[in-house]
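File shown: start.cif (mmCIF, C-alpha atoms).
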data_upload
#
loop_
_atom_site.label_atom_id
_atom_site.label_comp_id
_atom_site.auth_asym_id
_atom_site.auth_seq_id
_atom_site.Cartn_x
_atom_site.Cartn_y
_atom_site.Cartn_z
CA MET D 1 -19.34 132.38 78.96
CA LYS D 2 -19.71 136.10 79.68
CA SER D 3 -21.21 135.42 83.10
CA THR D 4 -18.27 133.12 83.89
CA LYS D 5 -15.78 135.84 82.91
CA SER D 6 -17.67 138.43 84.96
CA SER D 7 -17.70 136.22 88.05
CA SER D 8 -13.98 135.54 87.57
CA ILE D 9 -13.21 139.26 87.41
CA LEU D 10 -15.30 139.92 90.51
CA LYS D 11 -13.48 137.14 92.35
CA ASN D 12 -10.02 138.35 91.36
CA TYR D 13 -10.69 142.01 92.14
CA SER D 14 -13.22 141.68 94.97
CA SER D 15 -10.79 142.93 97.63
CA ILE D 16 -9.83 145.96 95.53
CA LEU D 17 -13.47 146.74 94.72
CA LEU D 18 -14.39 146.53 98.41
CA LEU D 19 -11.45 148.79 99.26
CA LEU D 20 -12.47 151.33 96.62
CA GLY D 21 -16.07 151.17 97.85
CA GLY D 22 -15.02 151.87 101.43
CA ILE D 23 -12.80 154.77 100.39
CA PHE D 24 -15.51 156.26 98.15
CA ALA D 25 -18.12 155.99 100.90
CA GLY D 26 -15.73 157.57 103.40
CA SER D 27 -14.92 160.44 101.06
CA ILE D 28 -18.63 161.15 100.54
CA LEU D 29 -19.19 161.16 104.31
CA GLY D 30 -16.31 163.60 104.71
CA LEU D 31 -17.70 165.95 102.08
CA VAL D 32 -21.23 165.85 103.52
CA PHE D 33 -20.56 165.98 107.26
CA GLY D 34 -17.22 167.82 107.39
CA LYS D 35 -15.62 167.71 110.84
CA GLY D 36 -18.60 165.69 112.06
CA VAL D 37 -16.88 162.59 110.68
CA GLU D 38 -14.40 162.70 113.55
CA ILE D 39 -16.86 160.41 115.33
CA ILE D 40 -15.88 157.49 113.06
CA LYS D 41 -12.14 158.24 113.11
CA PRO D 42 -11.58 155.58 115.84
CA LEU D 43 -12.44 152.92 113.25
CA GLY D 44 -9.51 154.11 111.17
CA ASP D 45 -7.31 154.35 114.24
CA ILE D 46 -8.11 150.76 115.26
CA PHE D 47 -7.20 149.51 111.79
CA LEU D 48 -3.95 151.48 111.78
CA ASN D 49 -3.06 150.38 115.31
CA LEU D 50 -3.54 146.73 114.34
CA LEU D 51 -1.22 147.25 111.38
CA PHE D 52 1.41 149.02 113.46
CA THR D 53 1.28 146.29 116.12
CA ALA D 54 1.90 143.58 113.54
CA ILE D 55 4.53 145.52 111.56
CA ILE D 56 7.37 145.09 114.06
CA PRO D 57 7.41 141.26 114.11
CA LEU D 58 6.70 141.22 110.36
CA VAL D 59 9.79 143.32 109.59
CA PHE D 60 11.93 141.25 111.96
CA PHE D 61 10.92 137.86 110.54
CA THR D 62 10.90 139.07 106.92
CA ILE D 63 14.45 140.47 106.95
CA SER D 64 16.09 137.94 109.26
CA SER D 65 14.58 134.89 107.52
CA SER D 66 15.51 136.25 104.11
CA ILE D 67 19.18 136.70 105.10
CA ALA D 68 19.33 133.43 107.07
CA ASN D 69 18.36 131.52 103.93
CA LEU D 70 20.82 133.14 101.55
CA LYS D 71 23.04 130.56 99.86
CA GLN D 72 25.95 132.89 99.23
CA THR D 73 26.91 135.44 101.87
CA GLU D 74 28.71 137.62 99.35
CA LYS D 75 25.44 138.09 97.43
CA LEU D 76 23.97 140.22 100.22
CA GLY D 77 26.70 142.89 100.07
CA LYS D 78 26.22 143.32 96.33
CA LEU D 79 22.42 143.36 96.70
CA PHE D 80 22.56 145.93 99.50
CA GLY D 81 24.74 148.20 97.33
CA ILE D 82 22.24 147.96 94.46
CA VAL D 83 19.33 148.77 96.79
CA ILE D 84 21.00 151.90 98.19
CA GLY D 85 22.01 153.00 94.67
CA VAL D 86 18.44 152.64 93.38
CA PHE D 87 17.00 154.45 96.42
CA LEU D 88 19.37 157.41 96.04
CA THR D 89 18.80 157.62 92.29
CA THR D 90 15.01 157.85 92.52
CA VAL D 91 15.16 160.33 95.42
CA ILE D 92 17.46 162.64 93.45
CA ILE D 93 15.34 162.31 90.29
CA SER D 94 12.17 163.14 92.22
CA ALA D 95 13.82 166.20 93.78
CA ILE D 96 15.01 167.45 90.37
CA ILE D 97 11.52 166.97 88.88
CA MET D 98 9.98 169.05 91.68
CA ILE D 99 12.66 171.74 91.33
CA ILE D 100 11.82 172.01 87.62
CA GLY D 101 8.14 172.33 88.56
CA VAL D 102 8.87 175.07 91.11
CA LEU D 103 11.04 176.98 88.61
CA LEU D 104 8.42 176.72 85.86
CA PHE D 105 5.52 177.65 88.16
CA PRO D 106 7.06 179.76 90.96
CA VAL D 107 5.24 180.30 94.23
CA HIS D 108 4.58 184.06 94.48
CA GLN D 109 2.16 184.62 97.31
CA ASP D 110 1.91 185.54 100.98
CA ILE D 111 1.47 182.54 103.22
CA VAL D 112 -0.61 182.96 106.34
CA LEU D 113 1.71 182.66 109.31
CA SER D 114 -0.21 180.46 111.72
CA LYS D 115 1.02 179.57 115.17
CA VAL D 116 1.47 175.83 115.28
CA ALA D 117 2.93 173.82 118.12
CA PHE D 118 6.04 171.99 117.06
CA GLU D 119 8.27 169.33 118.47
CA THR D 120 11.08 170.29 120.78
CA ILE D 121 14.39 169.28 119.27
CA GLU D 122 17.08 168.43 121.75
CA GLU D 123 20.57 169.55 120.75
CA SER D 124 23.12 166.77 120.63
CA SER D 125 26.28 165.84 118.80
CA VAL D 126 26.24 164.23 115.36
CA GLY D 127 27.69 161.03 116.79
CA SER D 128 24.97 160.87 119.43
CA GLN D 129 22.24 161.41 116.84
CA ILE D 130 23.62 158.61 114.64
CA THR D 131 23.81 156.30 117.65
CA GLN D 132 20.17 156.98 118.54
CA LEU D 133 19.15 156.49 114.91
CA VAL D 134 20.56 152.99 114.41
CA THR D 135 20.62 151.51 117.93
CA VAL D 136 18.69 151.43 121.22
CA ASN D 137 20.01 150.90 124.74
CA ASP D 138 17.44 148.33 125.83
CA PHE D 139 15.78 145.42 124.02
CA TYR D 140 12.18 146.52 124.60
CA GLU D 141 12.83 149.82 122.81
CA ILE D 142 13.56 147.98 119.58
CA LEU D 143 9.92 146.88 119.55
CA SER D 144 8.78 150.46 118.84
CA ARG D 145 8.08 151.56 115.26
CA LYS D 146 9.89 154.80 116.12
CA ASN D 147 13.13 152.80 116.07
CA MET D 148 12.69 151.13 112.68
CA LEU D 149 16.31 151.54 111.59
CA ALA D 150 17.52 149.95 114.82
CA LEU D 151 15.07 147.07 114.30
CA ILE D 152 16.24 146.58 110.70
CA LEU D 153 19.91 146.53 111.78
CA PHE D 154 19.10 144.04 114.55
CA SER D 155 17.18 141.85 112.07
CA PHE D 156 20.18 141.92 109.71
CA LEU D 157 22.49 140.79 112.53
CA ILE D 158 20.13 137.98 113.57
CA GLY D 159 19.96 136.81 109.96
CA PHE D 160 23.74 136.90 109.60
CA SER D 161 24.22 135.05 112.88
CA THR D 162 21.79 132.34 111.81
CA LEU D 163 23.45 132.06 108.40
CA HIS D 164 26.90 131.61 109.95
CA SER D 165 25.72 129.15 112.61
CA GLY D 166 25.72 126.36 110.07
CA GLU D 167 23.98 123.14 111.06
CA LYS D 168 23.16 124.39 114.55
CA GLY D 169 21.36 127.39 113.12
CA LYS D 170 19.03 125.45 110.83
CA ASP D 171 16.31 124.96 113.45
CA PHE D 172 16.35 128.67 114.21
CA ALA D 173 16.22 129.44 110.46
CA ARG D 174 13.10 127.25 110.20
CA PHE D 175 11.63 129.18 113.14
CA LEU D 176 12.27 132.45 111.29
CA ASP D 177 10.64 131.04 108.14
CA SER D 178 7.65 129.86 110.14
CA GLY D 179 7.34 133.24 111.88
CA ASN D 180 7.48 134.97 108.50
CA ASP D 181 4.62 132.85 107.16
CA VAL D 182 2.51 133.34 110.30
CA MET D 183 2.96 137.11 110.25
CA LYS D 184 2.00 137.28 106.56
CA LYS D 185 -1.20 135.39 107.36
CA LEU D 186 -1.91 137.75 110.26
CA LEU D 187 -1.44 140.79 108.05
CA HIS D 188 -3.73 139.21 105.45
CA LEU D 189 -6.45 138.93 108.10
CA ILE D 190 -5.95 142.52 109.24
CA MET D 191 -6.15 143.78 105.64
CA LYS D 192 -9.63 142.28 105.36
CA THR D 193 -10.80 145.14 107.59
CA ALA D 194 -9.16 147.72 105.29
CA PRO D 195 -12.39 148.85 103.54
CA ILE D 196 -13.82 149.98 106.89
CA GLY D 197 -10.56 151.29 108.34
CA LEU D 198 -9.42 153.17 105.26
CA GLY D 199 -12.96 154.41 104.61
CA ALA D 200 -13.02 155.99 108.07
CA TYR D 201 -9.59 157.52 107.53
CA PHE D 202 -10.54 158.99 104.17
CA ALA D 203 -13.69 160.44 105.70
CA TYR D 204 -11.58 162.12 108.39
CA GLN D 205 -9.02 163.49 105.95
CA VAL D 206 -11.61 164.89 103.53
CA GLY D 207 -13.81 166.26 106.30
CA VAL D 208 -11.11 167.89 108.41
CA PHE D 209 -8.33 168.86 105.99
CA GLY D 210 -10.33 169.30 102.78
CA PRO D 211 -11.30 172.96 103.35
CA GLN D 212 -7.67 173.97 103.94
CA LEU D 213 -6.73 172.80 100.44
CA PHE D 214 -8.57 175.78 99.01
CA GLY D 215 -7.13 178.43 101.33
CA ALA D 216 -3.87 180.37 101.31
CA TYR D 217 -1.90 177.25 100.51
CA ALA D 218 -3.89 176.38 97.40
CA LYS D 219 -1.20 177.31 94.84
CA PRO D 220 1.80 175.43 96.31
CA LEU D 221 -0.47 172.48 97.09
CA ALA D 222 -1.87 172.42 93.56
CA LEU D 223 1.68 172.54 92.20
CA TYR D 224 2.80 169.73 94.48
CA TYR D 225 -0.14 167.45 93.75
CA ALA D 226 0.16 168.07 89.99
CA VAL D 227 3.92 167.39 89.82
CA CYS D 228 3.64 164.36 92.11
CA SER D 229 0.82 162.93 89.98
CA PHE D 230 2.99 163.43 86.89
CA TYR D 231 5.95 161.76 88.59
CA PHE D 232 3.81 158.89 89.86
CA ILE D 233 2.24 158.09 86.49
CA VAL D 234 5.12 158.86 84.12
CA PHE D 235 8.27 158.03 86.07
CA PHE D 236 6.93 155.01 87.93
CA SER D 237 5.86 153.69 84.53
CA LEU D 238 9.39 154.31 83.22
CA TYR D 239 10.92 152.55 86.24
CA ALA D 240 8.60 149.57 85.75
CA PHE D 241 9.34 149.48 82.01
CA PHE D 242 13.08 149.58 82.70
CA ALA D 243 12.65 146.74 85.20
CA GLY D 244 10.65 144.41 82.99
CA GLY D 245 9.73 145.97 79.66
CA SER D 246 6.06 146.04 78.67
CA GLN D 247 5.38 143.06 80.93
CA GLY D 248 6.92 144.90 83.88
CA PHE D 249 4.76 147.93 83.09
CA LYS D 250 1.60 145.82 83.06
CA ILE D 251 2.41 143.80 86.16
CA PHE D 252 3.24 146.93 88.19
CA TRP D 253 0.03 148.79 87.43
CA LYS D 254 -2.01 145.63 87.89
CA ASN D 255 -0.70 144.97 91.40
CA ASN D 256 -0.02 148.38 92.91
CA ILE D 257 -3.66 149.43 93.47
CA THR D 258 -4.03 148.05 96.99
CA PRO D 259 -0.61 149.35 98.19
CA ALA D 260 -1.37 152.75 96.65
CA LEU D 261 -4.75 153.04 98.34
CA THR D 262 -3.32 151.82 101.64
CA ALA D 263 -0.56 154.46 101.45
CA VAL D 264 -3.00 157.29 100.69
CA GLY D 265 -5.48 156.16 103.33
CA THR D 266 -3.05 155.61 106.20
CA CYS D 267 -0.42 158.27 105.34
CA SER D 268 2.16 155.77 106.55
CA SER D 269 4.92 154.00 104.65
CA ILE D 270 5.27 151.51 107.50
CA ALA D 271 1.57 150.64 107.46
CA THR D 272 1.90 149.95 103.73
CA ILE D 273 4.67 147.34 104.17
CA PRO D 274 2.24 144.35 104.27
CA ALA D 275 0.39 145.46 101.13
CA ASN D 276 3.71 146.08 99.37
CA LEU D 277 5.07 142.66 100.32
CA GLU D 278 1.93 140.93 99.11
CA ALA D 279 1.97 142.87 95.84
CA ALA D 280 5.69 142.16 95.36
CA GLU D 281 5.02 138.45 95.77
CA GLN D 282 2.22 138.59 93.19
CA MET D 283 4.59 140.43 90.84
CA ASN D 284 7.08 137.53 91.08
CA ILE D 285 9.83 139.67 92.64
CA PRO D 286 12.33 137.21 94.18
CA SER D 287 11.75 136.74 97.89
CA HIS D 288 15.29 137.72 98.96
CA ILE D 289 14.84 141.02 97.11
CA ARG D 290 11.31 141.95 98.16
CA ASN D 291 12.01 140.96 101.79
CA LEU D 292 14.95 143.37 101.84
CA VAL D 293 13.81 146.29 99.67
CA VAL D 294 10.29 146.79 101.03
CA PRO D 295 11.02 146.83 104.81
CA LEU D 296 14.26 148.78 104.27
CA GLY D 297 12.54 151.27 101.95
CA ALA D 298 9.84 152.26 104.46
CA PRO D 299 12.20 154.22 106.73
CA LEU D 300 14.96 155.02 104.20
CA HIS D 301 13.41 155.66 100.77
CA LYS D 302 11.03 158.59 100.30
CA ASP D 303 10.50 160.14 96.86
CA GLY D 304 7.38 161.95 98.14
CA SER D 305 9.19 163.45 101.12
CA SER D 306 12.00 164.52 98.81
CA MET D 307 9.52 166.41 96.62
CA SER D 308 7.67 167.90 99.59
CA SER D 309 10.97 169.23 100.98
CA ILE D 310 11.48 171.19 97.75
CA VAL D 311 7.95 172.67 97.92
CA LYS D 312 8.41 173.64 101.58
CA ILE D 313 11.68 175.36 100.74
CA ALA D 314 9.99 177.18 97.84
CA VAL D 315 7.16 178.36 100.13
CA ILE D 316 9.59 179.58 102.78
CA PHE D 317 11.67 181.41 100.17
CA ALA D 318 8.49 183.05 98.82
CA MET D 319 7.48 184.12 102.34
CA PHE D 320 10.74 186.03 102.83
CA GLY D 321 11.14 187.19 99.22
CA LYS D 322 14.30 185.16 98.58
CA ASP D 323 15.53 183.86 95.23
CA LEU D 324 15.40 180.09 94.75
CA THR D 325 17.04 180.00 91.31
CA ASP D 326 20.65 180.20 92.48
CA PRO D 327 22.48 176.93 91.58
CA TYR D 328 24.11 176.71 95.01
CA THR D 329 20.72 177.10 96.70
CA ILE D 330 19.27 174.34 94.51
CA LEU D 331 22.23 172.05 95.26
CA ILE D 332 21.70 172.56 98.99
CA ALA D 333 18.00 171.82 98.53
CA ILE D 334 18.78 168.49 96.84
CA SER D 335 21.23 167.62 99.63
CA ILE D 336 18.54 168.37 102.21
CA THR D 337 16.06 166.08 100.45
CA ILE D 338 18.54 163.19 100.58
CA VAL D 339 19.05 163.68 104.32
CA VAL D 340 15.30 164.00 104.88
CA SER D 341 14.67 160.75 103.00
CA VAL D 342 16.94 158.91 105.44
CA VAL D 343 16.15 160.46 108.81
CA GLU D 344 12.40 161.02 108.65
CA GLY D 345 10.24 158.24 110.10
CA GLY D 346 7.81 156.13 108.08
CA ILE D 347 4.82 157.01 110.26
CA PRO D 348 2.16 159.74 109.75
CA ASN D 349 3.77 163.18 110.26
CA GLY D 350 6.84 161.34 111.49
CA GLY D 351 8.68 164.36 112.80
CA TYR D 352 9.69 167.71 111.41
CA ILE D 353 13.41 167.10 111.12
CA GLY D 354 13.41 167.98 107.42
CA GLU D 355 11.65 171.31 107.92
CA ILE D 356 13.90 172.30 110.81
CA LEU D 357 17.01 171.27 108.87
CA ALA D 358 16.04 173.37 105.84
CA ILE D 359 15.13 176.41 107.92
CA THR D 360 18.37 176.17 109.90
CA VAL D 361 20.59 175.70 106.83
CA TYR D 362 19.09 178.68 105.02
CA GLY D 363 19.03 180.86 108.14
CA PHE D 364 15.30 181.71 108.30
CA PRO D 365 13.62 182.59 111.62
CA MET D 366 12.25 179.33 113.03
CA GLU D 367 9.17 180.82 114.70
CA GLN D 368 7.89 182.22 111.39
CA ALA D 369 9.02 179.65 108.85
CA LEU D 370 8.30 176.39 110.70
CA PRO D 371 4.49 176.74 111.02
CA ALA D 372 4.06 177.29 107.27
CA ALA D 373 6.33 174.33 106.47
CA MET D 374 4.42 172.12 108.92
CA ILE D 375 1.03 173.02 107.46
CA ILE D 376 2.28 172.25 103.95
CA GLY D 377 3.74 168.97 105.23
CA THR D 378 0.43 167.93 106.78
CA LEU D 379 -1.65 168.75 103.69
CA VAL D 380 0.67 166.96 101.23
CA ASP D 381 0.99 163.88 103.42
CA PRO D 382 -1.38 161.57 101.47
CA ILE D 383 0.26 161.82 98.06
CA ALA D 384 3.74 162.10 99.60
CA THR D 385 3.15 158.75 101.32
CA LEU D 386 1.85 157.33 98.05
CA LEU D 387 5.18 158.09 96.37
CA ASN D 388 7.19 157.01 99.41
CA ALA D 389 5.51 153.64 99.83
CA ASN D 390 4.62 152.77 96.24
CA GLY D 391 8.14 153.82 95.29
CA ASP D 392 9.47 150.93 97.39
CA LEU D 393 7.47 148.51 95.27
CA VAL D 394 8.71 149.80 91.92
CA CYS D 395 12.26 150.04 93.29
CA ALA D 396 12.07 146.36 94.21
CA MET D 397 11.35 145.69 90.52
CA VAL D 398 14.34 147.78 89.45
CA VAL D 399 16.61 146.03 91.97
CA ALA D 400 15.42 142.67 90.64
CA ARG D 401 16.23 143.78 87.08
CA ILE D 402 19.77 144.87 88.01
CA SER D 403 20.48 141.97 90.34
CA GLU D 404 18.80 139.07 88.52
CA GLY D 405 19.01 140.17 84.88
CA LYS D 406 16.48 141.02 82.18
CA LYS D 407 14.54 137.78 82.49
CA TRP D 408 13.85 137.92 86.24
CA LEU D 409 10.08 138.02 85.64
CA LEU D 410 10.20 134.70 83.81
CA ASN D 411 12.23 132.94 86.48
CA LYS D 412 9.43 131.82 88.80
CA SER D 413 11.76 129.59 90.75
CA ASN D 414 13.13 132.73 92.47
CA THR D 415 9.93 133.17 94.44
#

Please rewrite the model in this file as structure tokens.
Amino acid sequence: MKSTKSSSILKNYSSILLLLGGIFAGSILGLVFGKGVEIIKPLGDIFLNLLFTAIIPLVFFTISSSIANLKQTEKLGKLFGIVIGVFLTTVIISAIIMIIGVLLFPVHQDIVLSKVAFETIEESSVGSQITQLVTVNDFYEILSRKNMLALILFSFLIGFSTLHSGEKGKDFARFLDSGNDVMKKLLHLIMKTAPIGLGAYFAYQVGVFGPQLFGAYAKPLALYYAVCSFYFIVFFSLYAFFAGGSQGFKIFWKNNITPALTAVGTCSSIATIPANLEAAEQMNIPSHIRNLVVPLGAPLHKDGSSMSSIVKIAVIFAMFGKDLTDPYTILIAISITIVVSVVEGGIPNGGYIGEILAITVYGFPMEQALPAAMIIGTLVDPIATLLNANGDLVCAMVVARISEGKKWLLNKSNT
């Protein structure tokens, strides 16, 4: 009997155990060989490139097929409002938690001002920036992961058009459903290479960035990692408990291991979409909810980026001897985190818009403040992505609770 139970456990958790084994082996290689592990980084890059290549059609088919199959068109507007409300709530809560951490354990130290190359930001009007954010001027550009919001909007419109085409749109709706199933199978195949790909990525991160964690940035980084770990364990548990009680708590922590490890290993919310969708399906989150919340959350919902914005602001204020305790300053910081959560991309180091925005708003010299903020941003990327991506999964649970009622977990017909 015991051997049967053991074999059952190994069968159920074999993919997770393989993933953990690959990550552990990669971490050891990084510690032992340091920057020498750069030689195996291409293995991680190949894995990530395969994910990124498959993400675009996955997002398109997932969103458009979900909307095309809605029975009531008015349900989408209400659902979308709930999703945005949940996203904003968790982003604001995460920012407040990090502000409390910064106020309790202030950053009082000199940060080494390193010269780091940064992206050139072209000046343009607000209207032009919004246009570029949500649309593209040629079809092929929508196939780039850099234009995720434009792709999501286009997928919404395709879904709506199919839904309102009535009988003539049914064949196209079946095509979208079929494409959704095919892309999920493709992503399942790609994820089978995750132990090797993520192992190589962990080796690179530990070997190349590990030594910097103990340098001049040790204190703000220690504060960030500690507060984020607290938020991840305590608040994600609270969100899951709110969504489904003790059963919701159990089902979240049982199914979020693979998405969490994928997020940490790839440092990409977009690359974590497949793992999140698979976990959401296993958690019995209704398909029309998970297919909306997870792809939409990757570019729009970022608890980790919200918290990193606060730490970057605290570091910059410490550099120039400024006071961060003023209520108006804190209110501006929270506003910045909300903007950052929306405009930053879901790819590794997806731009430095947040840093530049904060520095500009507070009036600090760009050439001195930006390098420090960028270094902090690079070193906090793994756990920031963990909160960004895994937060989409727990938010999908909360949306299901609000939209479908307390007993959504028991209603298996929704999946």

Translate the PyMOL selection byres ((chain D and resi 192) around 12), as applied to the file shown, into an explicit residue set as a PDB file with C-alpha atoms, in the frame of the given file.
ATOM      1  CA  SER D  14     -13.220 141.680  94.970  1.00  0.00           C
ATOM      2  CA  SER D  15     -10.790 142.930  97.630  1.00  0.00           C
ATOM      3  CA  ILE D  16      -9.830 145.960  95.530  1.00  0.00           C
ATOM      4  CA  LEU D  18     -14.390 146.530  98.410  1.00  0.00           C
ATOM      5  CA  LEU D  19     -11.450 148.790  99.260  1.00  0.00           C
ATOM      6  CA  GLY D  22     -15.020 151.870 101.430  1.00  0.00           C
ATOM      7  CA  PHE D  47      -7.200 149.510 111.790  1.00  0.00           C
ATOM      8  CA  LEU D  50      -3.540 146.730 114.340  1.00  0.00           C
ATOM      9  CA  LEU D  51      -1.220 147.250 111.380  1.00  0.00           C
ATOM     10  CA  LYS D 185      -1.200 135.390 107.360  1.00  0.00           C
ATOM     11  CA  LEU D 186      -1.910 137.750 110.260  1.00  0.00           C
ATOM     12  CA  LEU D 187      -1.440 140.790 108.050  1.00  0.00           C
ATOM     13  CA  HIS D 188      -3.730 139.210 105.450  1.00  0.00           C
ATOM     14  CA  LEU D 189      -6.450 138.930 108.100  1.00  0.00           C
ATOM     15  CA  ILE D 190      -5.950 142.520 109.240  1.00  0.00           C
ATOM     16  CA  MET D 191      -6.150 143.780 105.640  1.00  0.00           C
ATOM     17  CA  THR D 193     -10.800 145.140 107.590  1.00  0.00           C
ATOM     18  CA  ALA D 194      -9.160 147.720 105.290  1.00  0.00           C
ATOM     19  CA  PRO D 195     -12.390 148.850 103.540  1.00  0.00           C
ATOM     20  CA  ILE D 196     -13.820 149.980 106.890  1.00  0.00           C
ATOM     21  CA  GLY D 197     -10.560 151.290 108.340  1.00  0.00           C
ATOM     22  CA  LEU D 198      -9.420 153.170 105.260  1.00  0.00           C
ATOM     23  CA  THR D 258      -4.030 148.050  96.990  1.00  0.00           C
ATOM     24  CA  ALA D 275       0.390 145.460 101.130  1.00  0.00           C
TER      25      ALA D 275
END

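Coordinates place atom CA of D:Asn291 at a distance of 25.5 Å from atom CA of D:Thr337.
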
> Restricting the calculation to all atoms listed in the file, which member of D:Asn147, D:Thr262, D:Ala218, D:Asn49 is positioned closest to D:Ile23?
Replying inline: D:Thr262

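Computed from the coordinates, the atom CA of D:Thr90 to atom CA of D:Asn276 distance equals 17.7 Å.
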
> For this file, the PyMOL selection byres ((chain D and resi 386-397) around 7) selects which residues, as a PyMOL selection string?
Replying inline: chain D and resi 86+232+236+239-240+243+259-260+263-264+269+272+276+280+285+289-290+293-294+297-298+301-305+382-385+398-401

Next, dump the selected residues to file, keeping only C-alpha atoms, as a PDB file, keeping the file's coordinate frame.
ATOM      1  CA  VAL D  86      18.440 152.640  93.380  1.00  0.00           C
ATOM      2  CA  PHE D 232       3.810 158.890  89.860  1.00  0.00           C
ATOM      3  CA  PHE D 236       6.930 155.010  87.930  1.00  0.00           C
ATOM      4  CA  TYR D 239      10.920 152.550  86.240  1.00  0.00           C
ATOM      5  CA  ALA D 240       8.600 149.570  85.750  1.00  0.00           C
ATOM      6  CA  ALA D 243      12.650 146.740  85.200  1.00  0.00           C
ATOM      7  CA  PRO D 259      -0.610 149.350  98.190  1.00  0.00           C
ATOM      8  CA  ALA D 260      -1.370 152.750  96.650  1.00  0.00           C
ATOM      9  CA  ALA D 263      -0.560 154.460 101.450  1.00  0.00           C
ATOM     10  CA  VAL D 264      -3.000 157.290 100.690  1.00  0.00           C
ATOM     11  CA  SER D 269       4.920 154.000 104.650  1.00  0.00           C
ATOM     12  CA  THR D 272       1.900 149.950 103.730  1.00  0.00           C
ATOM     13  CA  ASN D 276       3.710 146.080  99.370  1.00  0.00           C
ATOM     14  CA  ALA D 280       5.690 142.160  95.360  1.00  0.00           C
ATOM     15  CA  ILE D 285       9.830 139.670  92.640  1.00  0.00           C
ATOM     16  CA  ILE D 289      14.840 141.020  97.110  1.00  0.00           C
ATOM     17  CA  ARG D 290      11.310 141.950  98.160  1.00  0.00           C
ATOM     18  CA  VAL D 293      13.810 146.290  99.670  1.00  0.00           C
ATOM     19  CA  VAL D 294      10.290 146.790 101.030  1.00  0.00           C
ATOM     20  CA  GLY D 297      12.540 151.270 101.950  1.00  0.00           C
ATOM     21  CA  ALA D 298       9.840 152.260 104.460  1.00  0.00           C
ATOM     22  CA  HIS D 301      13.410 155.660 100.770  1.00  0.00           C
ATOM     23  CA  LYS D 302      11.030 158.590 100.300  1.00  0.00           C
ATOM     24  CA  ASP D 303      10.500 160.140  96.860  1.00  0.00           C
ATOM     25  CA  GLY D 304       7.380 161.950  98.140  1.00  0.00           C
ATOM     26  CA  SER D 305       9.190 163.450 101.120  1.00  0.00           C
ATOM     27  CA  PRO D 382      -1.380 161.570 101.470  1.00  0.00           C
ATOM     28  CA  ILE D 383       0.260 161.820  98.060  1.00  0.00           C
ATOM     29  CA  ALA D 384       3.740 162.100  99.600  1.00  0.00           C
ATOM     30  CA  THR D 385       3.150 158.750 101.320  1.00  0.00           C
ATOM     31  CA  VAL D 398      14.340 147.780  89.450  1.00  0.00           C
ATOM     32  CA  VAL D 399      16.610 146.030  91.970  1.00  0.00           C
ATOM     33  CA  ALA D 400      15.420 142.670  90.640  1.00  0.00           C
ATOM     34  CA  ARG D 401      16.230 143.780  87.080  1.00  0.00           C
TER      35      ARG D 401
END

> Which residues match the PyMOL selection byres ((chain D and resi 106) around 12) in the file above, as an MDAnalysis selection string?
Replying inline: chainID D and resid 98:105 107:109 219:220 222:224 310:311 313:315 317:318 321:325

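Remark: for D:Phe33, the closest of the candidate residues D:Pro295, D:Leu79, D:Tyr204, D:Gly377 is D:Tyr204 (distances computed over only C-alpha atoms).
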
Assuming 6 Å of padding per side, give the centre and edge lengths of the axis-aligned box around every listed atom of stretch 26-32 of chain D, in Å to one decimal and as lines of an AutoDock Vina configuration file.
center_x = -18.1
center_y = 161.8
center_z = 102.6
size_x = 18.3
size_y = 20.4
size_z = 16.2

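Residue nearest D:Leu221, chosen from D:Asn255, D:Val380, D:Gly248, D:Tyr328 and counting only C-alpha atoms: D:Val380.
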
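Considering all atoms listed in the file, the residue among D:Ile39, D:Ala95, D:Ala25, D:Ala173 positioned nearest to D:Cys228 is D:Ala95.
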
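Each of D:Ser403, D:Ser268, D:Gly21, D:Ser27 was compared to D:Val208 using all atoms listed in the file, and D:Ser27 turns out to be the nearest.
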